[in-house]
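Below you'll find the structure, written out as structure tokens, and then a few comments.
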There are 2 protein chains.
Amino acid sequence: MDQQTRDQQTREQQTREQKTNAHVSCQQCGLNELCIPHTLTAPEMDEIDQIARRGKPLQKGEYLFRQSDDFESLFAVRAGCIKLFSVDDNGDEKVVGFFLPGEILGMDAIDSKFHSASAVALSTASVCEIPYESVELLAGRIKNLQVHMYRLLSREIRSDQELQLLLAKNNAEERIGAFLMNLSVRYERRRLSPKEFRLDMTRSDIANYLGLAVETVSRVITRFQKAGILRAEGKSLEILDRGALCAVSHLKAPD
Amino acid sequence: MDQQTRDQQTREQQTREQKTNAHVSCQQCGLNELCIPHTLTAPEMDEIDQIARRGKPLQKGEYLFRQSDDFESLFAVRAGCIKLFSVDDNGDEKVVGFFLPGEILGMDAIDSKFHSASAVALSTASVCEIPYESVELLAGRIKNLQVHMYRLLSREIRSDQELQLLLAKNNAEERIGAFLMNLSVRYERRRLSPKEFRLDMTRSDIANYLGLAVETVSRVITRFQKAGILRAEGKSLEILDRGALCAVSHLKAPD
DNA sequence: CGATTTGTTGATCTTACTCAATAATCGTGG
DNA sequence: CCACGATTATTGAGTAAGATCAACAAATCG
């Protein structure tokens, strides 16, 4: 199937969703994280929907925005994986994070008004652009949206702090284990398989993100496989024993 | 001068400020970060002022809130230093951050509605409590406040991500250098001396925060002193050569 | 299909941790 | 105000976790 056909199908699918049950579930609406089922009324959700610009699937390697670009919009990932990274004066890359379906990108730039990092697609990705001006305006009118935005930002702070602690306190096995569990939980939250998924990022991206060397990541994953905790074949990953993975990461198992 | 006399003086000073120019500058108003000079009108600032509960200076060692407490308020630090830290199942402490005058505490709990960490005073501290319910309500009416809250949250995300990168990529010297420069910049922002200040936290707190051993922190500070970059006598610190400190930390000098 | 990127494994080296001993500082009560 | 114990800070010696270097294998892509 070529790109054009795929685009065509995507467009058709979007149209279908809009006509039928675009708001029944946040799974479909593209503004996933911004929509709160049972919190916003249908007309409110329609308003939010109208400010979001759907479409334009990104090919692997395409940029959503670049470091030092002006901040104009938030982006909601609908499908695929986006890598956020900055490049320092020496040209060294520093991976800030990975964004999966249902997650919002760009909130760190609201204050400074410019992006301090670039966002690139690691796999074919579908992203929804939400002009920030409009969000502010709409949040002024829709109380529930205002409150929800605070919660989104707060959640990002909490998860950044968790990563902080991981990097400050944990060894290689714990970091990698926690990273994989974190992906698993995030996929589960989106009703995607928590036990089997693709690692769209390279080992080098993972290492960079976790403050480790590529070789260490490779070795730890090998060790986990030998321990029967997971099965990794290239980019595809299967978690065989979630309990054991939590144990080696010194994490409590999620419910 | 004993504690009581000092309290007395503080109270007098507060009264004086309220009567005279409480809103001329955010330096004095206790809601420092929440007030935006030239952005909010005087009546708007009065409204914000009225929801904030001043007073109750904390003694060193007193808690502002504890891990797993319900989230009810944000806290603006007016004076002193607050340490935010969590304790894991093994009883190990993990320092999440230090909050200086003019900084806001508690934003990570907006989403979850409970505190994931405890906040304790490292020195006699003055803190302003701002009930979050009231902030939400007021932000619904005062557009500028709504927008400012987004910026505050966004700024926290940005600085958490910077720490993330520091922990993932930098060695002991760079971490400690960047930490000291960061304090310096934050004091400068509040018009406090950027070259001479007290390290209210212990070396162990610093080490914990930066993911290092106490001994390493001690050694690096000694090395910095031998290099003529700073002078540290117990808790008091003087930065003798800011340029050199930036250099060893591989930071650009702040303007 | 060949070239380039990405991933794995092994050997060696280095940074920062751990353990240990001592010194300085803090806080409390006499 | 000083003396005491307790906490905190410094310094040294040995160790280990993970980085680096190197070689090779596998996957990806034009």
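Residues in the structure tokens are numbered from 1 in each chain, the chains being A, B, ... in the order shown, and ligands are numbered from 1 in the order shown.
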
**Request:** Give me, as a VMD selection string, the contact residues of chain D against chain B at a cut-off of 8 Å, counting only C-alpha atoms (C1' of nucleotides).
**Result:** chain D and resid 8 to 10

**Message:** Show me, as a ChimeraX atom specification, the residues that have an atom within 12 Å of range 15-26 of chain C when counting only C-alpha atoms (C1' of nucleotides), minus same-chain residues fewer than 3 positions from it.
**Reply:** /B:170-173,202,207,211-217,219-220,233-235 /D:4-20

**Request:** Can you pull out every residue within 10 Å of Leu199 in chain A, counting only C-alpha atoms (C1' of nucleotides), but drop anything in the same chain fewer than 2 positions away, and send it as number ranges by chain?
**Result:** A: 81, 122-123, 180, 183, 196-197, 201-203, 206, 232, 234-237

C-alpha atoms of the current selection, written as a PDB file, in the first residue's frame:
ATOM      1  CA  CYS A  81       5.948   7.787  18.746  1.00  0.00           C
ATOM      2  CA  LEU A 122      10.278   7.796  15.377  1.00  0.00           C
ATOM      3  CA  SER A 123       7.627   5.960  13.435  1.00  0.00           C
ATOM      4  CA  LEU A 180      10.059  -0.633  30.058  1.00  0.00           C
ATOM      5  CA  LEU A 183       6.041   2.175  28.506  1.00  0.00           C
ATOM      6  CA  GLU A 196       3.809  -6.697  23.561  1.00  0.00           C
ATOM      7  CA  PHE A 197       4.810  -3.517  21.782  1.00  0.00           C
ATOM      8  CA  MET A 201      13.335   4.335  19.654  1.00  0.00           C
ATOM      9  CA  THR A 202      16.838   2.964  19.099  1.00  0.00           C
ATOM     10  CA  ARG A 203      18.916   1.494  21.932  1.00  0.00           C
ATOM     11  CA  ILE A 206      17.027   4.756  25.307  1.00  0.00           C
ATOM     12  CA  ALA A 232      13.303  -8.739  22.601  1.00  0.00           C
ATOM     13  CA  GLY A 234      15.134  -6.077  17.470  1.00  0.00           C
ATOM     14  CA  LYS A 235      12.524  -3.420  18.040  1.00  0.00           C
ATOM     15  CA  SER A 236       9.701  -5.705  19.091  1.00  0.00           C
ATOM     16  CA  LEU A 237       9.383  -6.400  22.769  1.00  0.00           C
TER      17      LEU A 237
END

**Message:** When you look at DA25 in chain D with a cut-off of 12 Å (counting only C-alpha atoms (C1' of nucleotides)), what residues show up, excluding the ones that are within fewer than 6 positions of it in the same chain? I need them as a VMD selection string.
**Reply:** chain C and resid 6 to 9

For N, CA and C atoms (P, O5', C5', C4', C3', O3' and C1' of nucleotides), I'd like the residues from the last selection saved as a PDB file, in the first residue's frame.
ATOM      1  P    DT C   6      20.891   4.823  13.249  1.00  0.00           P
ATOM      2  O5'  DT C   6      20.904   3.349  13.853  1.00  0.00           O
ATOM      3  C5'  DT C   6      19.917   2.415  13.409  1.00  0.00           C
ATOM      4  C4'  DT C   6      20.154   1.082  14.078  1.00  0.00           C
ATOM      5  C3'  DT C   6      20.301   1.155  15.602  1.00  0.00           C
ATOM      6  O3'  DT C   6      19.330   0.284  16.150  1.00  0.00           O
ATOM      7  C1'  DT C   6      22.013  -0.183  14.649  1.00  0.00           C
ATOM      8  P    DG C   7      19.241  -0.034  17.716  1.00  0.00           P
ATOM      9  O5'  DG C   7      20.081  -1.363  17.850  1.00  0.00           O
ATOM     10  C5'  DG C   7      19.574  -2.567  17.285  1.00  0.00           C
ATOM     11  C4'  DG C   7      20.477  -3.715  17.659  1.00  0.00           C
ATOM     12  C3'  DG C   7      20.710  -3.889  19.159  1.00  0.00           C
ATOM     13  O3'  DG C   7      20.401  -5.244  19.480  1.00  0.00           O
ATOM     14  C1'  DG C   7      22.781  -3.842  18.002  1.00  0.00           C
ATOM     15  P    DT C   8      20.468  -5.741  20.982  1.00  0.00           P
ATOM     16  O5'  DT C   8      21.880  -6.480  21.004  1.00  0.00           O
ATOM     17  C5'  DT C   8      22.062  -7.629  20.186  1.00  0.00           C
ATOM     18  C4'  DT C   8      23.472  -8.133  20.315  1.00  0.00           C
ATOM     19  C3'  DT C   8      23.926  -8.495  21.722  1.00  0.00           C
ATOM     20  O3'  DT C   8      24.218  -9.886  21.717  1.00  0.00           O
ATOM     21  C1'  DT C   8      25.599  -7.260  20.565  1.00  0.00           C
ATOM     22  P    DT C   9      24.358 -10.675  23.085  1.00  0.00           P
ATOM     23  O5'  DT C   9      25.934 -10.684  23.313  1.00  0.00           O
ATOM     24  C5'  DT C   9      26.791 -11.238  22.309  1.00  0.00           C
ATOM     25  C4'  DT C   9      28.223 -10.857  22.588  1.00  0.00           C
ATOM     26  C3'  DT C   9      28.684 -10.996  24.037  1.00  0.00           C
ATOM     27  O3'  DT C   9      29.681 -11.997  24.098  1.00  0.00           O
ATOM     28  C1'  DT C   9      29.499  -9.009  23.046  1.00  0.00           C
TER      29       DT C   9
END

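Considering the residues A:Ala227, A:Met45, A:Met181, A:Leu163 and counting only C-alpha atoms, chain B has its shortest atom-to-atom contact with A:Leu163.
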
**Item:** All alpha helix (DSSP H) positions in range 11-247 of chain A, as number ranges by chain
**Value:** A: 11-19, 42-51, 132-141, 143-169, 172-189, 203-210, 214-226, 242-247

Please produce a file of those selected residues containing C-alpha atoms, as a short mmCIF file (atom, residue, chain, number, x, y, z; two decimals), in the first residue's frame.
data_model
loop_
_atom_site.label_atom_id
_atom_site.label_comp_id
_atom_site.auth_asym_id
_atom_site.auth_seq_id
_atom_site.Cartn_x
_atom_site.Cartn_y
_atom_site.Cartn_z
CA ARG A 11 -8.87 10.94 5.76
CA GLU A 12 -11.83 8.69 5.22
CA GLN A 13 -11.51 7.25 8.68
CA GLN A 14 -11.39 10.70 10.25
CA THR A 15 -14.48 11.77 8.39
CA ARG A 16 -16.28 8.66 9.52
CA GLU A 17 -15.38 9.30 13.13
CA GLN A 18 -16.54 12.87 13.03
CA LYS A 19 -19.89 11.88 11.61
CA ALA A 42 -21.07 17.40 24.27
CA PRO A 43 -21.19 21.00 23.00
CA GLU A 44 -18.06 21.79 25.00
CA MET A 45 -16.28 18.86 23.41
CA ASP A 46 -17.39 20.08 20.01
CA GLU A 47 -15.78 23.43 20.69
CA ILE A 48 -12.50 21.84 21.67
CA ASP A 49 -12.69 19.66 18.64
CA GLN A 50 -13.04 22.65 16.41
CA ILE A 51 -9.82 24.32 17.50
CA TYR A 132 -2.27 27.39 22.25
CA GLU A 133 -3.95 30.78 21.85
CA SER A 134 -7.22 28.99 21.26
CA VAL A 135 -6.71 26.75 24.26
CA GLU A 136 -6.21 29.79 26.49
CA LEU A 137 -9.25 31.49 25.07
CA LEU A 138 -11.44 28.44 25.33
CA ALA A 139 -10.19 27.63 28.82
CA GLY A 140 -11.30 31.12 29.80
CA ARG A 141 -14.84 30.19 28.88
CA LYS A 143 -14.17 26.00 33.35
CA ASN A 144 -13.70 22.26 32.97
CA LEU A 145 -11.10 22.78 30.29
CA GLN A 146 -9.20 25.27 32.41
CA VAL A 147 -9.08 22.81 35.27
CA HIS A 148 -8.14 19.97 32.99
CA MET A 149 -5.24 21.93 31.57
CA TYR A 150 -3.89 22.46 35.09
CA ARG A 151 -4.10 18.75 35.68
CA LEU A 152 -2.31 17.93 32.44
CA LEU A 153 0.53 20.28 33.30
CA SER A 154 0.65 18.98 36.84
CA ARG A 155 0.82 15.41 35.62
CA GLU A 156 3.76 16.29 33.42
CA ILE A 157 5.55 17.79 36.43
CA ARG A 158 4.92 14.69 38.48
CA SER A 159 6.24 12.36 35.81
CA ASP A 160 9.29 14.52 35.16
CA GLN A 161 10.07 14.41 38.86
CA GLU A 162 9.74 10.65 38.85
CA LEU A 163 12.28 10.42 36.06
CA GLN A 164 14.53 12.77 38.03
CA LEU A 165 14.48 10.38 40.95
CA LEU A 166 15.08 7.40 38.70
CA LEU A 167 18.16 9.04 37.22
CA ALA A 168 19.48 10.21 40.57
CA LYS A 169 19.02 7.03 42.54
CA ALA A 172 21.27 0.54 35.07
CA GLU A 173 18.96 -2.45 35.60
CA GLU A 174 16.49 -0.41 37.60
CA ARG A 175 16.44 2.40 35.06
CA ILE A 176 15.88 0.12 32.11
CA GLY A 177 13.35 -2.02 33.94
CA ALA A 178 11.43 1.05 35.09
CA PHE A 179 11.58 2.50 31.58
CA LEU A 180 10.06 -0.63 30.06
CA MET A 181 7.41 -0.85 32.78
CA ASN A 182 6.61 2.80 32.22
CA LEU A 183 6.04 2.17 28.51
CA SER A 184 3.93 -0.84 29.37
CA VAL A 185 1.71 1.16 31.72
CA ARG A 186 1.35 3.96 29.23
CA TYR A 187 0.29 1.58 26.48
CA GLU A 188 -2.13 -0.11 28.84
CA ARG A 189 -3.68 3.24 29.71
CA ARG A 203 18.92 1.49 21.93
CA SER A 204 21.00 4.61 21.65
CA ASP A 205 17.92 6.82 22.25
CA ILE A 206 17.03 4.76 25.31
CA ALA A 207 20.59 4.95 26.62
CA ASN A 208 20.71 8.69 26.06
CA TYR A 209 17.36 9.21 27.79
CA LEU A 210 18.37 7.08 30.79
CA VAL A 214 24.29 1.99 24.51
CA GLU A 215 26.31 -1.08 25.43
CA THR A 216 24.85 -1.08 28.92
CA VAL A 217 21.30 -0.98 27.57
CA SER A 218 22.07 -3.84 25.25
CA ARG A 219 23.67 -5.91 27.99
CA VAL A 220 20.85 -5.36 30.48
CA ILE A 221 18.20 -6.29 27.94
CA THR A 222 20.17 -9.45 27.18
CA ARG A 223 20.35 -10.20 30.90
CA PHE A 224 16.59 -9.70 31.27
CA GLN A 225 16.03 -12.12 28.41
CA LYS A 226 18.28 -14.75 29.96
CA ARG A 242 5.72 -8.30 34.56
CA GLY A 243 6.12 -9.16 38.22
CA ALA A 244 9.77 -10.02 37.76
CA LEU A 245 10.33 -6.87 35.72
CA CYS A 246 8.88 -4.79 38.56
CA ALA A 247 11.00 -6.71 41.04
#

**Message:** DSSP on the backbone: which residues in range 58-208 of chain B end up as strand (DSSP E)? Give the answer as a count of residues only.
**Reply:** 38

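Restricting the calculation to only C-alpha atoms, the smallest distance between chain A and any of B:Ala52, B:Leu58, B:Val77, B:Leu84 is found for B:Leu84.
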
**Message:** What's the separation between C1' of DG27 in chain C and C1' of DC1 in chain D, in Å to one decimal place?
**Reply:** 13.9 Å
